[in-house]
$ cat input_34.pdb   # PDB, C-alpha atoms
ATOM      1  CA  MET A 176     -17.306 -15.119  25.062
ATOM      2  CA  SER A 177     -18.808 -11.696  25.746
ATOM      3  CA  LEU A 178     -17.931  -9.217  22.987
ATOM      4  CA  VAL A 179     -18.632  -5.544  22.407
ATOM      5  CA  ARG A 180     -18.333  -4.374  18.805
ATOM      6  CA  VAL A 181     -17.053  -0.801  18.531
ATOM      7  CA  ALA A 182     -15.622   1.507  15.896
ATOM      8  CA  ALA A 183     -13.074   4.304  16.085
ATOM      9  CA  VAL A 184     -12.309   6.994  13.546
ATOM     10  CA  ASP A 185      -9.164   9.113  13.884
ATOM     11  CA  CYS A 186      -9.133  12.180  11.651
ATOM     12  CA  GLY A 187      -5.783  13.934  11.686
ATOM     13  CA  THR A 188      -4.034  16.516   9.553
ATOM     14  CA  ASN A 189      -2.861  14.025   6.938
ATOM     15  CA  ALA A 190      -5.018  10.900   7.182
ATOM     16  CA  VAL A 191      -8.418   9.655   8.280
ATOM     17  CA  ARG A 192      -8.433   6.112   9.658
ATOM     18  CA  LEU A 193     -11.031   3.584  10.743
ATOM     19  CA  LEU A 194     -10.802   0.644  13.138
ATOM     20  CA  VAL A 195     -13.705  -1.725  13.770
ATOM     21  CA  ALA A 196     -13.061  -4.292  16.491
ATOM     22  CA  ASP A 197     -14.655  -6.609  19.002
ATOM     23  CA  VAL A 198     -13.499  -6.027  22.571
ATOM     24  CA  THR A 199     -13.628  -8.999  24.938
ATOM     25  CA  ALA A 200     -14.735  -8.890  28.563
ATOM     26  CA  ASP A 201     -11.097  -9.034  29.676
ATOM     27  CA  GLY A 202     -10.146  -6.101  27.452
ATOM     28  CA  ARG A 203      -8.579  -7.875  24.491
ATOM     29  CA  LEU A 204      -9.077  -6.403  21.039
ATOM     30  CA  ILE A 205     -10.129  -8.529  18.057
ATOM     31  CA  GLU A 206      -9.530  -6.452  14.945
ATOM     32  CA  LEU A 207     -12.096  -6.730  12.152
ATOM     33  CA  VAL A 208     -11.315  -3.807   9.828
ATOM     34  CA  ARG A 209      -8.469  -1.293   9.786
ATOM     35  CA  LEU A 210      -8.409   1.276   6.979
ATOM     36  CA  MET A 211      -6.464   4.427   6.189
ATOM     37  CA  ARG A 212      -7.059   7.098   3.574
ATOM     38  CA  ILE A 213      -4.648   9.986   3.047
ATOM     39  CA  VAL A 214      -6.912  13.017   2.657
ATOM     40  CA  ARG A 215      -4.618  15.893   3.713
ATOM     41  CA  LEU A 216      -7.446  17.598   5.631
ATOM     42  CA  GLY A 217      -4.974  20.053   7.118
ATOM     43  CA  GLU A 218      -3.558  21.165   3.768
ATOM     44  CA  GLY A 219      -2.966  24.911   4.012
ATOM     45  CA  VAL A 220      -4.417  25.275   7.526
ATOM     46  CA  ASP A 221      -1.098  26.456   8.954
ATOM     47  CA  ARG A 222      -1.123  29.314   6.404
ATOM     48  CA  THR A 223      -4.836  30.155   6.030
ATOM     49  CA  GLY A 224      -6.320  29.067   9.342
ATOM     50  CA  GLN A 225      -9.149  27.153   7.668
ATOM     51  CA  PHE A 226     -10.004  24.000   5.745
ATOM     52  CA  SER A 227     -10.068  24.328   1.976
ATOM     53  CA  PRO A 228     -13.124  23.093   0.034
ATOM     54  CA  ALA A 229     -10.931  20.528  -1.740
ATOM     55  CA  ALA A 230      -9.596  19.144   1.546
ATOM     56  CA  LEU A 231     -13.105  18.834   2.949
ATOM     57  CA  ASP A 232     -14.281  17.065  -0.224
ATOM     58  CA  ARG A 233     -11.446  14.521  -0.003
ATOM     59  CA  THR A 234     -12.191  13.886   3.649
ATOM     60  CA  PHE A 235     -15.938  13.493   3.143
ATOM     61  CA  THR A 236     -15.304  11.018   0.302
ATOM     62  CA  ALA A 237     -13.324   8.833   2.722
ATOM     63  CA  ILE A 238     -15.977   9.181   5.411
ATOM     64  CA  ASP A 239     -18.669   8.146   2.917
ATOM     65  CA  GLU A 240     -16.639   4.978   2.309
ATOM     66  CA  TYR A 241     -16.353   4.368   6.055
ATOM     67  CA  ALA A 242     -20.108   4.836   6.462
ATOM     68  CA  GLY A 243     -20.599   1.839   4.176
ATOM     69  CA  VAL A 244     -18.172  -0.261   6.216
ATOM     70  CA  LEU A 245     -19.931   0.672   9.456
ATOM     71  CA  ALA A 246     -23.321  -0.210   7.970
ATOM     72  CA  THR A 247     -21.964  -3.683   7.219
ATOM     73  CA  HIS A 248     -20.377  -4.342  10.614
ATOM     74  CA  GLN A 249     -22.971  -2.608  12.829
ATOM     75  CA  PRO A 250     -20.866  -1.491  15.814
ATOM     76  CA  THR A 251     -22.810  -0.664  18.962
ATOM     77  CA  ARG A 252     -20.622   2.357  19.691
ATOM     78  CA  ILE A 253     -18.753   4.750  17.398
ATOM     79  CA  ARG A 254     -16.257   7.382  18.487
ATOM     80  CA  PHE A 255     -14.932   9.907  15.958
ATOM     81  CA  VAL A 256     -11.895  11.861  17.121
ATOM     82  CA  ALA A 257     -10.441  14.877  15.329
ATOM     83  CA  THR A 258      -7.054  16.277  16.202
ATOM     84  CA  SER A 259      -4.551  18.993  15.266
ATOM     85  CA  ALA A 260      -5.897  20.489  12.030
ATOM     86  CA  THR A 261      -9.456  20.590  13.357
ATOM     87  CA  ARG A 262      -8.311  22.315  16.540
ATOM     88  CA  ASP A 263      -6.738  25.039  14.375
ATOM     89  CA  ALA A 264      -9.374  25.536  11.645
ATOM     90  CA  SER A 265     -11.748  28.495  11.914
ATOM     91  CA  ASN A 266     -14.364  26.777   9.720
ATOM     92  CA  ARG A 267     -14.452  23.504  11.615
ATOM     93  CA  ASP A 268     -18.250  23.779  11.938
ATOM     94  CA  ALA A 269     -18.523  22.758   8.268
ATOM     95  CA  PHE A 270     -16.417  19.700   9.008
ATOM     96  CA  VAL A 271     -18.476  18.784  12.077
ATOM     97  CA  ALA A 272     -21.739  19.113  10.140
ATOM     98  CA  GLY A 273     -20.401  16.976   7.279
ATOM     99  CA  VAL A 274     -19.357  14.171   9.618
ATOM    100  CA  ARG A 275     -22.660  14.265  11.477
ATOM    101  CA  ALA A 276     -24.627  14.037   8.218
ATOM    102  CA  ARG A 277     -22.629  10.998   7.060
ATOM    103  CA  LEU A 278     -22.121   8.986  10.252
ATOM    104  CA  GLY A 279     -24.748  10.260  12.650
ATOM    105  CA  VAL A 280     -22.137  11.117  15.284
ATOM    106  CA  ASP A 281     -20.434  14.350  16.204
ATOM    107  CA  PRO A 282     -16.639  14.386  15.899
ATOM    108  CA  GLU A 283     -14.870  15.112  19.165
ATOM    109  CA  VAL A 284     -12.256  17.804  18.687
ATOM    110  CA  ILE A 285      -9.927  16.621  21.422
ATOM    111  CA  SER A 286      -7.063  18.444  23.084
ATOM    112  CA  GLY A 287      -3.448  17.533  22.522
ATOM    113  CA  ILE A 288      -3.318  16.171  26.072
ATOM    114  CA  GLU A 289      -6.207  13.760  25.470
ATOM    115  CA  GLU A 290      -4.706  12.801  22.115
ATOM    116  CA  ALA A 291      -1.465  11.924  23.889
ATOM    117  CA  ALA A 292      -3.281   9.829  26.501
ATOM    118  CA  LEU A 293      -5.157   7.818  23.857
ATOM    119  CA  SER A 294      -1.939   7.269  21.897
ATOM    120  CA  PHE A 295      -0.158   6.095  25.055
ATOM    121  CA  SER A 296      -2.781   3.469  25.918
ATOM    122  CA  GLY A 297      -3.115   2.293  22.311
ATOM    123  CA  ALA A 298       0.623   1.863  21.902
ATOM    124  CA  LEU A 299       1.547   0.173  25.159
ATOM    125  CA  LEU A 300      -1.467  -2.141  25.303
ATOM    126  CA  GLY A 301      -0.818  -3.193  21.708
ATOM    127  CA  LEU A 302       2.914  -3.927  21.933
ATOM    128  CA  PRO A 303       4.234  -7.420  22.726
ATOM    129  CA  SER A 304       4.804  -7.882  26.447
ATOM    130  CA  GLY A 305       8.150  -6.575  27.634
ATOM    131  CA  ARG A 306       9.033  -4.876  24.356
ATOM    132  CA  ALA A 307       9.000  -1.365  25.847
ATOM    133  CA  GLU A 308      10.650  -0.744  29.205
ATOM    134  CA  THR A 309       8.780   1.628  31.489
ATOM    135  CA  PRO A 310       8.574   4.465  32.177
ATOM    136  CA  ALA A 311       8.123   4.794  28.408
ATOM    137  CA  LEU A 312       8.101   8.004  26.427
ATOM    138  CA  VAL A 313       5.473   7.594  23.704
ATOM    139  CA  VAL A 314       5.633  10.017  20.777
ATOM    140  CA  ASP A 315       2.926  10.296  18.136
ATOM    141  CA  ILE A 316       4.178  12.255  15.111
ATOM    142  CA  GLY A 317       1.174  13.466  13.181
ATOM    143  CA  GLY A 318       0.633  15.828  10.291
ATOM    144  CA  GLY A 319       0.104  18.990  12.308
ATOM    145  CA  SER A 320       1.307  18.160  15.804
ATOM    146  CA  THR A 321       3.409  15.763  17.827
ATOM    147  CA  GLU A 322       2.275  14.365  21.156
ATOM    148  CA  PHE A 323       4.656  13.382  23.947
ATOM    149  CA  VAL A 324       3.498  11.326  26.929
ATOM    150  CA  ILE A 325       5.424   9.457  29.605
ATOM    151  CA  GLY A 326       4.180   6.904  32.083
ATOM    152  CA  VAL A 327       4.269   3.342  33.354
ATOM    153  CA  ASP A 328       0.747   1.911  33.322
ATOM    154  CA  ALA A 329      -0.995   5.202  32.596
ATOM    155  CA  PRO A 330      -0.013   8.653  31.304
ATOM    156  CA  GLU A 331       1.745  10.762  33.908
ATOM    157  CA  GLN A 332       2.900  13.850  32.013
ATOM    158  CA  SER A 333       2.157  14.926  28.452
ATOM    159  CA  ARG A 334       2.620  17.769  26.002
ATOM    160  CA  SER A 335       1.439  18.471  22.461
ATOM    161  CA  VAL A 336       3.479  20.723  20.182
ATOM    162  CA  ASP A 337       2.604  22.115  16.762
ATOM    163  CA  VAL A 338       5.223  20.377  14.643
ATOM    164  CA  GLY A 339       4.285  17.541  12.309
ATOM    165  CA  CYS A 340       5.145  16.212   8.877
ATOM    166  CA  VAL A 341       2.599  18.314   6.953
ATOM    167  CA  ARG A 342       3.094  21.508   8.943
ATOM    168  CA  MET A 343       6.906  21.399   8.642
ATOM    169  CA  THR A 344       6.779  20.591   4.937
ATOM    170  CA  GLU A 345       4.347  23.391   4.145
ATOM    171  CA  ARG A 346       6.193  25.856   6.334
ATOM    172  CA  HIS A 347       9.778  25.119   5.315
ATOM    173  CA  LEU A 348      10.580  22.251   2.908
ATOM    174  CA  HIS A 349       9.709  23.569  -0.552
ATOM    175  CA  GLY A 350      12.665  22.486  -2.699
ATOM    176  CA  ASP A 351      12.988  19.200  -4.559
ATOM    177  CA  PRO A 352      15.018  18.155  -2.678
ATOM    178  CA  PRO A 353      14.887  20.769   0.119
ATOM    179  CA  THR A 354      17.753  23.237   0.248
ATOM    180  CA  LEU A 355      20.202  23.370   3.147
ATOM    181  CA  GLU A 356      18.648  26.665   4.227
ATOM    182  CA  GLU A 357      15.150  25.157   4.250
ATOM    183  CA  VAL A 358      16.355  22.180   6.270
ATOM    184  CA  ALA A 359      18.109  24.473   8.752
ATOM    185  CA  ARG A 360      14.941  26.527   9.285
ATOM    186  CA  ALA A 361      12.851  23.393   9.765
ATOM    187  CA  ARG A 362      15.387  21.950  12.190
ATOM    188  CA  ALA A 363      15.385  25.125  14.288
ATOM    189  CA  ASP A 364      11.585  25.134  14.416
ATOM    190  CA  ILE A 365      11.437  21.460  15.384
ATOM    191  CA  GLU A 366      14.178  21.657  18.004
ATOM    192  CA  ALA A 367      12.493  24.637  19.686
ATOM    193  CA  ALA A 368       9.217  22.691  19.876
ATOM    194  CA  VAL A 369      10.908  19.556  21.232
ATOM    195  CA  ASP A 370      12.722  21.657  23.823
ATOM    196  CA  SER A 371       9.376  23.085  24.937
ATOM    197  CA  ALA A 372       8.044  19.545  25.335
ATOM    198  CA  LYS A 373      11.053  18.654  27.487
ATOM    199  CA  GLN A 374      10.120  21.427  29.901
ATOM    200  CA  VAL A 375       6.935  19.507  30.759
ATOM    201  CA  VAL A 376       7.716  15.866  29.972
ATOM    202  CA  PRO A 377      10.876  14.527  31.669
ATOM    203  CA  PHE A 378      12.665  12.732  28.837
ATOM    204  CA  GLU A 379      15.414  11.691  31.262
ATOM    205  CA  ARG A 380      12.977   9.410  33.156
ATOM    206  CA  ALA A 381      12.214   7.329  30.095
ATOM    207  CA  ARG A 382      13.736   3.874  29.846
ATOM    208  CA  SER A 383      12.447   3.455  26.297
ATOM    209  CA  LEU A 384      11.167   5.583  23.431
ATOM    210  CA  VAL A 385       8.083   4.306  21.575
ATOM    211  CA  GLY A 386       7.234   5.862  18.217
ATOM    212  CA  LEU A 387       3.802   5.813  16.564
ATOM    213  CA  ALA A 388       2.180   6.691  13.251
ATOM    214  CA  GLY A 389       3.187   6.673   9.595
ATOM    215  CA  THR A 390       6.351   8.727   9.875
ATOM    216  CA  VAL A 391       7.885   6.308  12.378
ATOM    217  CA  THR A 392       6.812   3.150  10.569
ATOM    218  CA  THR A 393       8.026   4.474   7.203
ATOM    219  CA  VAL A 394      11.412   5.478   8.623
ATOM    220  CA  ALA A 395      11.643   2.004  10.174
ATOM    221  CA  ALA A 396      10.791   0.368   6.850
ATOM    222  CA  MET A 397      13.626   2.354   5.248
ATOM    223  CA  ALA A 398      16.019   1.428   8.054
ATOM    224  CA  LEU A 399      15.177  -2.254   7.556
ATOM    225  CA  ASP A 400      15.276  -1.927   3.750
ATOM    226  CA  LEU A 401      11.964  -3.749   3.391
ATOM    227  CA  PRO A 402      10.884  -4.860  -0.097
ATOM    228  CA  GLY A 403       7.391  -3.561   0.699
ATOM    229  CA  TYR A 404       5.419  -2.207   3.626
ATOM    230  CA  ASP A 405       4.703  -4.986   6.135
ATOM    231  CA  ALA A 406       3.083  -4.033   9.439
ATOM    232  CA  SER A 407       3.681  -7.504  10.886
ATOM    233  CA  ILE A 408       7.441  -7.035  10.504
ATOM    234  CA  LEU A 409       7.476  -3.463  11.754
ATOM    235  CA  HIS A 410       5.318  -3.802  14.862
ATOM    236  CA  GLY A 411       7.508  -4.034  17.935
ATOM    237  CA  ARG A 412      10.785  -3.708  16.021
ATOM    238  CA  VAL A 413      13.605  -1.661  17.489
ATOM    239  CA  ILE A 414      15.619   0.677  15.269
ATOM    240  CA  SER A 415      18.739   2.468  16.395
ATOM    241  CA  ALA A 416      19.373   6.191  16.641
ATOM    242  CA  ASP A 417      21.950   5.825  13.878
ATOM    243  CA  GLN A 418      19.380   4.182  11.603
ATOM    244  CA  VAL A 419      16.960   7.051  12.227
ATOM    245  CA  ARG A 420      19.666   9.601  11.453
ATOM    246  CA  VAL A 421      20.744   7.877   8.244
ATOM    247  CA  ALA A 422      17.164   7.441   7.012
ATOM    248  CA  THR A 423      16.403  11.114   7.697
ATOM    249  CA  SER A 424      19.483  12.258   5.785
ATOM    250  CA  ARG A 425      18.601  10.000   2.860
ATOM    251  CA  LEU A 426      15.025  11.259   2.683
ATOM    252  CA  LEU A 427      16.113  14.899   2.774
ATOM    253  CA  ALA A 428      18.564  14.299  -0.075
ATOM    254  CA  MET A 429      16.026  12.540  -2.313
ATOM    255  CA  THR A 430      13.829  14.095  -4.956
ATOM    256  CA  ARG A 431      10.091  13.549  -4.833
ATOM    257  CA  SER A 432      10.280  10.942  -7.592
ATOM    258  CA  GLU A 433      13.017   9.054  -5.744
ATOM    259  CA  ARG A 434      10.925   8.946  -2.561
ATOM    260  CA  ALA A 435       7.878   7.820  -4.526
ATOM    261  CA  ALA A 436       9.858   4.896  -5.959
ATOM    262  CA  LEU A 437      10.612   3.428  -2.525
ATOM    263  CA  PRO A 438       8.681   0.133  -2.300
ATOM    264  CA  TYR A 439       7.355   0.779   1.229
ATOM    265  CA  MET A 440       6.319   4.415   0.662
ATOM    266  CA  HIS A 441       2.600   5.196   0.827
ATOM    267  CA  PRO A 442       1.743   7.657  -1.979
ATOM    268  CA  GLY A 443       0.178  10.039   0.521
ATOM    269  CA  ARG A 444       3.421  10.301   2.501
ATOM    270  CA  VAL A 445       5.777  11.036  -0.396
ATOM    271  CA  ASP A 446       5.564  14.816  -0.050
ATOM    272  CA  VAL A 447       5.783  15.011   3.750
ATOM    273  CA  ILE A 448       7.901  12.104   4.994
ATOM    274  CA  ALA A 449      11.172  14.036   5.169
ATOM    275  CA  GLY A 450       9.631  16.624   7.496
ATOM    276  CA  GLY A 451       8.277  13.880   9.723
ATOM    277  CA  ALA A 452      11.619  12.075   9.798
ATOM    278  CA  MET A 453      13.260  15.311  10.955
ATOM    279  CA  VAL A 454      10.856  15.430  13.907
ATOM    280  CA  LEU A 455      11.689  11.838  14.890
ATOM    281  CA  ASP A 456      15.423  12.446  14.543
ATOM    282  CA  ALA A 457      15.210  15.565  16.713
ATOM    283  CA  ILE A 458      13.332  13.690  19.454
ATOM    284  CA  VAL A 459      15.850  10.836  19.475
ATOM    285  CA  GLY A 460      18.700  13.325  19.699
ATOM    286  CA  ALA A 461      17.100  15.543  22.344
ATOM    287  CA  GLY A 462      16.515  12.602  24.655
ATOM    288  CA  GLY A 463      19.828  10.886  23.964
ATOM    289  CA  PHE A 464      17.926   7.722  23.088
ATOM    290  CA  ALA A 465      19.898   4.812  21.647
ATOM    291  CA  SER A 466      16.860   3.417  19.841
ATOM    292  CA  VAL A 467      13.123   3.685  19.228
ATOM    293  CA  VAL A 468      10.504   0.927  19.540
ATOM    294  CA  VAL A 469       8.114   0.971  16.569
ATOM    295  CA  SER A 470       4.408   0.520  17.273
ATOM    296  CA  GLU A 471       1.714  -0.110  14.678
ATOM    297  CA  THR A 472      -0.936   0.321  17.383
ATOM    298  CA  ASP A 473      -1.724   3.902  18.309
ATOM    299  CA  ILE A 474      -4.507   6.395  18.995
ATOM    300  CA  LEU A 475      -7.035   4.330  17.007
ATOM    301  CA  ASP A 476      -6.476   1.377  19.328
ATOM    302  CA  GLY A 477      -6.627   3.708  22.315
ATOM    303  CA  ILE A 478     -10.031   4.974  21.195
ATOM    304  CA  VAL A 479     -11.290   1.397  20.817
ATOM    305  CA  TYR A 480     -10.034   0.458  24.287
ATOM    306  CA  SER A 481     -11.860   3.508  25.697
ATOM    307  CA  LEU A 482     -15.116   2.326  24.086
ATOM    308  CA  GLY A 483     -14.798  -1.256  25.264
ATOM    309  CA  ARG A 484     -14.579  -0.445  28.948
TER     310      ARG A 484
END
$ encode --input "input_34.pdb" --output "structure tokens"
Amino acid sequence: MSLVRVAAVDCGTNAVRLLVADVTADGRLIELVRLMRIVRLGEGVDRTGQFSPAALDRTFTAIDEYAGVLATHQPTRIRFVATSATRDASNRDAFVAGVRARLGVDPEVISGIEEAALSFSGALLGLPSGRAETPALVVDIGGGSTEFVIGVDAPEQSRSVDVGCVRMTERHLHGDPPTLEEVARARADIEAAVDSAKQVVPFERARSLVGLAGTVTTVAAMALDLPGYDASILHGRVISADQVRVATSRLLAMTRSERAALPYMHPGRVDVIAGGAMVLDAIVGAGGFASVVVSETDILDGIVYSLGR
């Protein structure tokens, strides 16, 4: 069997993730390592316009760890993709230089449109056959932005908007739990952004909604009342609009300590999950979707597929 070993790094506003995989001649992916570290690179970027020294230190610590993993597995190709926070930061040169020094590759600061395309291919190629009806609307809810892309076998129309779990939390959701006024301001901000996406991406064409990233999988874990986070259970599951709405309301009503006690909650998502859930709930409502298909495969897988061609 002919194999190409490749590695993808996705550095977003909230997390930096690594996937090392072998790609077969017929395009199948054999996963070797998949890691995630919550580094909150985009902390404060919405307010200050730049990365903080502490955020850069956290991110470089994770990248140092990944450098060791890559040295062990020896991929022939590495692609490092940076998204929303890096697009917005005025001091991104320091970030680029730090990545180059540690991994020997330059991070690609990709556009929201390319981010959406990679998320689309990663999600649909990774889902079980027939799980998502096409045309599918794929939404990737990140820390600083949310990507929308619709298509059948390839992306047809896409839009990136600057609402995400970190950005909405930092901008609006300060109470513990958030006040009604804070929630109302966040909802207005999110709904305006989703409406702008609808002007470009025809939600009404979609026969299914596919949701990616930690917000969606955590909301699904709450909807299913899992005793712990289990990607094998979550991948490809379908949760209803009502389940999304109930989970969002529960998260907004909880204190930080109550959210932290949930058995499926990653510690790095405790502070920002309610803001992310609001984004998902708004998308479901705006499109009149009855349900959302949960995908554990996403932009990371899309980057790997792009390298294996």
$ residues_around --input "input_34.pdb" --residues "stretch 293-299 of chain A" --least-positions-apart "5" --cutoff "9 Å" --atoms "only C-alpha atoms" --output "PyMOL selection string"
chain A and resi 288+304+307+311-315+322-326+328-330+385-387+470-481
$ resolve_selection --input "input_34.pdb" --expression "the PyMOL selection byres ((chain A and resi 177) around 10)" --output "PDB file with C-alpha atoms, keeping the file's coordinate frame"
ATOM      1  CA  MET A 176     -17.306 -15.119  25.062  1.00  0.00           C
ATOM      2  CA  LEU A 178     -17.931  -9.217  22.987  1.00  0.00           C
ATOM      3  CA  VAL A 179     -18.632  -5.544  22.407  1.00  0.00           C
ATOM      4  CA  ASP A 197     -14.655  -6.609  19.002  1.00  0.00           C
ATOM      5  CA  VAL A 198     -13.499  -6.027  22.571  1.00  0.00           C
ATOM      6  CA  THR A 199     -13.628  -8.999  24.938  1.00  0.00           C
ATOM      7  CA  ALA A 200     -14.735  -8.890  28.563  1.00  0.00           C
ATOM      8  CA  ASP A 201     -11.097  -9.034  29.676  1.00  0.00           C
TER       9      ASP A 201
END
$ resolve_selection --input "input_34.pdb" --expression "the PyMOL selection byres ((chain A and resi 210-212) around 10)" --output "PyMOL selection string"
chain A and resi 184-186+189-195+208-209+213-215+233-234+236-238+240-241+244+443
$ resolve_selection --input "input_34.pdb" --expression "the PyMOL selection byres ((chain A and resi 225-230) around 8)" --output "VMD selection string"
chain A and resid 214 to 220 223 to 224 231 to 234 263 to 267
$ atom_distance --input "input_34.pdb" --atom1 "atom CA of A:Ile285" --atom2 "atom CA of A:Ala461"
27.1 Å
$ closest_residue --input "input_34.pdb" --among "A:Ala449, A:Val284, A:Ala182, A:Ala367" --to "A:Val271" --atoms "all atoms listed in the file"
A:Val284
$ residues_around --input "input_34.pdb" --residues "A:Pro442" --least-positions-apart "4" --cutoff "12 Å" --atoms "all atoms listed in the file" --output "list in words"
Asn189, Ala190, Arg212, Ile213, Val214, Arg215, Gly389, Thr393, Tyr404, Arg431, Ser432, Glu433, Arg434, Ala435, Ala436, Leu437, Pro438, Asp446, Val447 and Ile448 of chain A
$ atom_distance --input "input_34.pdb" --atom1 "atom CA of A:Pro282" --atom2 "atom CA of A:Val469"
28.2 Å
$ closest_atom_pairs --input "input_34.pdb" --of "stretch 384-431 of chain A" --to "stretch 338-346 of chain A" --cutoff "12 Å" --atoms "all atoms listed in the file" --output "JSON lines"
{"residue": "A:Ala388", "atom": "CA", "partner": "A:Cys340", "partner_atom": "CA", "distance": 10.9}
{"residue": "A:Gly389", "atom": "CA", "partner": "A:Cys340", "partner_atom": "CA", "distance": 9.8}
{"residue": "A:Thr390", "atom": "CA", "partner": "A:Cys340", "partner_atom": "CA", "distance": 7.6}
{"residue": "A:Val391", "atom": "CA", "partner": "A:Cys340", "partner_atom": "CA", "distance": 10.9}
{"residue": "A:Leu427", "atom": "CA", "partner": "A:Thr344", "partner_atom": "CA", "distance": 11.1}
$ closest_residue --input "input_34.pdb" --among "A:Arg306, A:Arg420, A:Arg360, A:Arg334" --to "A:Pro377" --atoms "only C-alpha atoms"
A:Arg334
$ build_atoms --input "input_34.pdb" --residues "stretch 226-237 of chain A" --atoms "N, CA and C atoms" --output "PDB file, keeping the file's coordinate frame"
ATOM      1  N   PHE A 226      -9.989  25.101   6.690  1.00  0.00           N
ATOM      2  CA  PHE A 226     -10.004  24.000   5.745  1.00  0.00           C
ATOM      3  C   PHE A 226     -10.355  24.531   4.359  1.00  0.00           C
ATOM      4  N   SER A 227      -9.710  23.975   3.341  1.00  0.00           N
ATOM      5  CA  SER A 227     -10.068  24.328   1.976  1.00  0.00           C
ATOM      6  C   SER A 227     -11.234  23.455   1.523  1.00  0.00           C
ATOM      7  N   PRO A 228     -12.034  23.931   0.558  1.00  0.00           N
ATOM      8  CA  PRO A 228     -13.124  23.093   0.034  1.00  0.00           C
ATOM      9  C   PRO A 228     -12.619  21.759  -0.515  1.00  0.00           C
ATOM     10  N   ALA A 229     -11.468  21.772  -1.182  1.00  0.00           N
ATOM     11  CA  ALA A 229     -10.931  20.528  -1.740  1.00  0.00           C
ATOM     12  C   ALA A 229     -10.566  19.540  -0.641  1.00  0.00           C
ATOM     13  N   ALA A 230      -9.970  20.031   0.443  1.00  0.00           N
ATOM     14  CA  ALA A 230      -9.596  19.144   1.546  1.00  0.00           C
ATOM     15  C   ALA A 230     -10.837  18.550   2.211  1.00  0.00           C
ATOM     16  N   LEU A 231     -11.865  19.352   2.382  1.00  0.00           N
ATOM     17  CA  LEU A 231     -13.105  18.834   2.949  1.00  0.00           C
ATOM     18  C   LEU A 231     -13.733  17.787   2.038  1.00  0.00           C
ATOM     19  N   ASP A 232     -13.716  18.040   0.723  1.00  0.00           N
ATOM     20  CA  ASP A 232     -14.281  17.065  -0.224  1.00  0.00           C
ATOM     21  C   ASP A 232     -13.552  15.731  -0.137  1.00  0.00           C
ATOM     22  N   ARG A 233     -12.215  15.766  -0.099  1.00  0.00           N
ATOM     23  CA  ARG A 233     -11.446  14.521  -0.003  1.00  0.00           C
ATOM     24  C   ARG A 233     -11.793  13.761   1.278  1.00  0.00           C
ATOM     25  N   THR A 234     -11.907  14.510   2.360  1.00  0.00           N
ATOM     26  CA  THR A 234     -12.191  13.886   3.649  1.00  0.00           C
ATOM     27  C   THR A 234     -13.586  13.285   3.670  1.00  0.00           C
ATOM     28  N   PHE A 235     -14.567  14.001   3.149  1.00  0.00           N
ATOM     29  CA  PHE A 235     -15.938  13.493   3.143  1.00  0.00           C
ATOM     30  C   PHE A 235     -16.080  12.273   2.231  1.00  0.00           C
ATOM     31  N   THR A 236     -15.283  12.214   1.163  1.00  0.00           N
ATOM     32  CA  THR A 236     -15.304  11.018   0.302  1.00  0.00           C
ATOM     33  C   THR A 236     -14.855   9.790   1.094  1.00  0.00           C
ATOM     34  N   ALA A 237     -13.790   9.950   1.893  1.00  0.00           N
ATOM     35  CA  ALA A 237     -13.324   8.833   2.722  1.00  0.00           C
ATOM     36  C   ALA A 237     -14.360   8.465   3.773  1.00  0.00           C
TER      37      ALA A 237
END
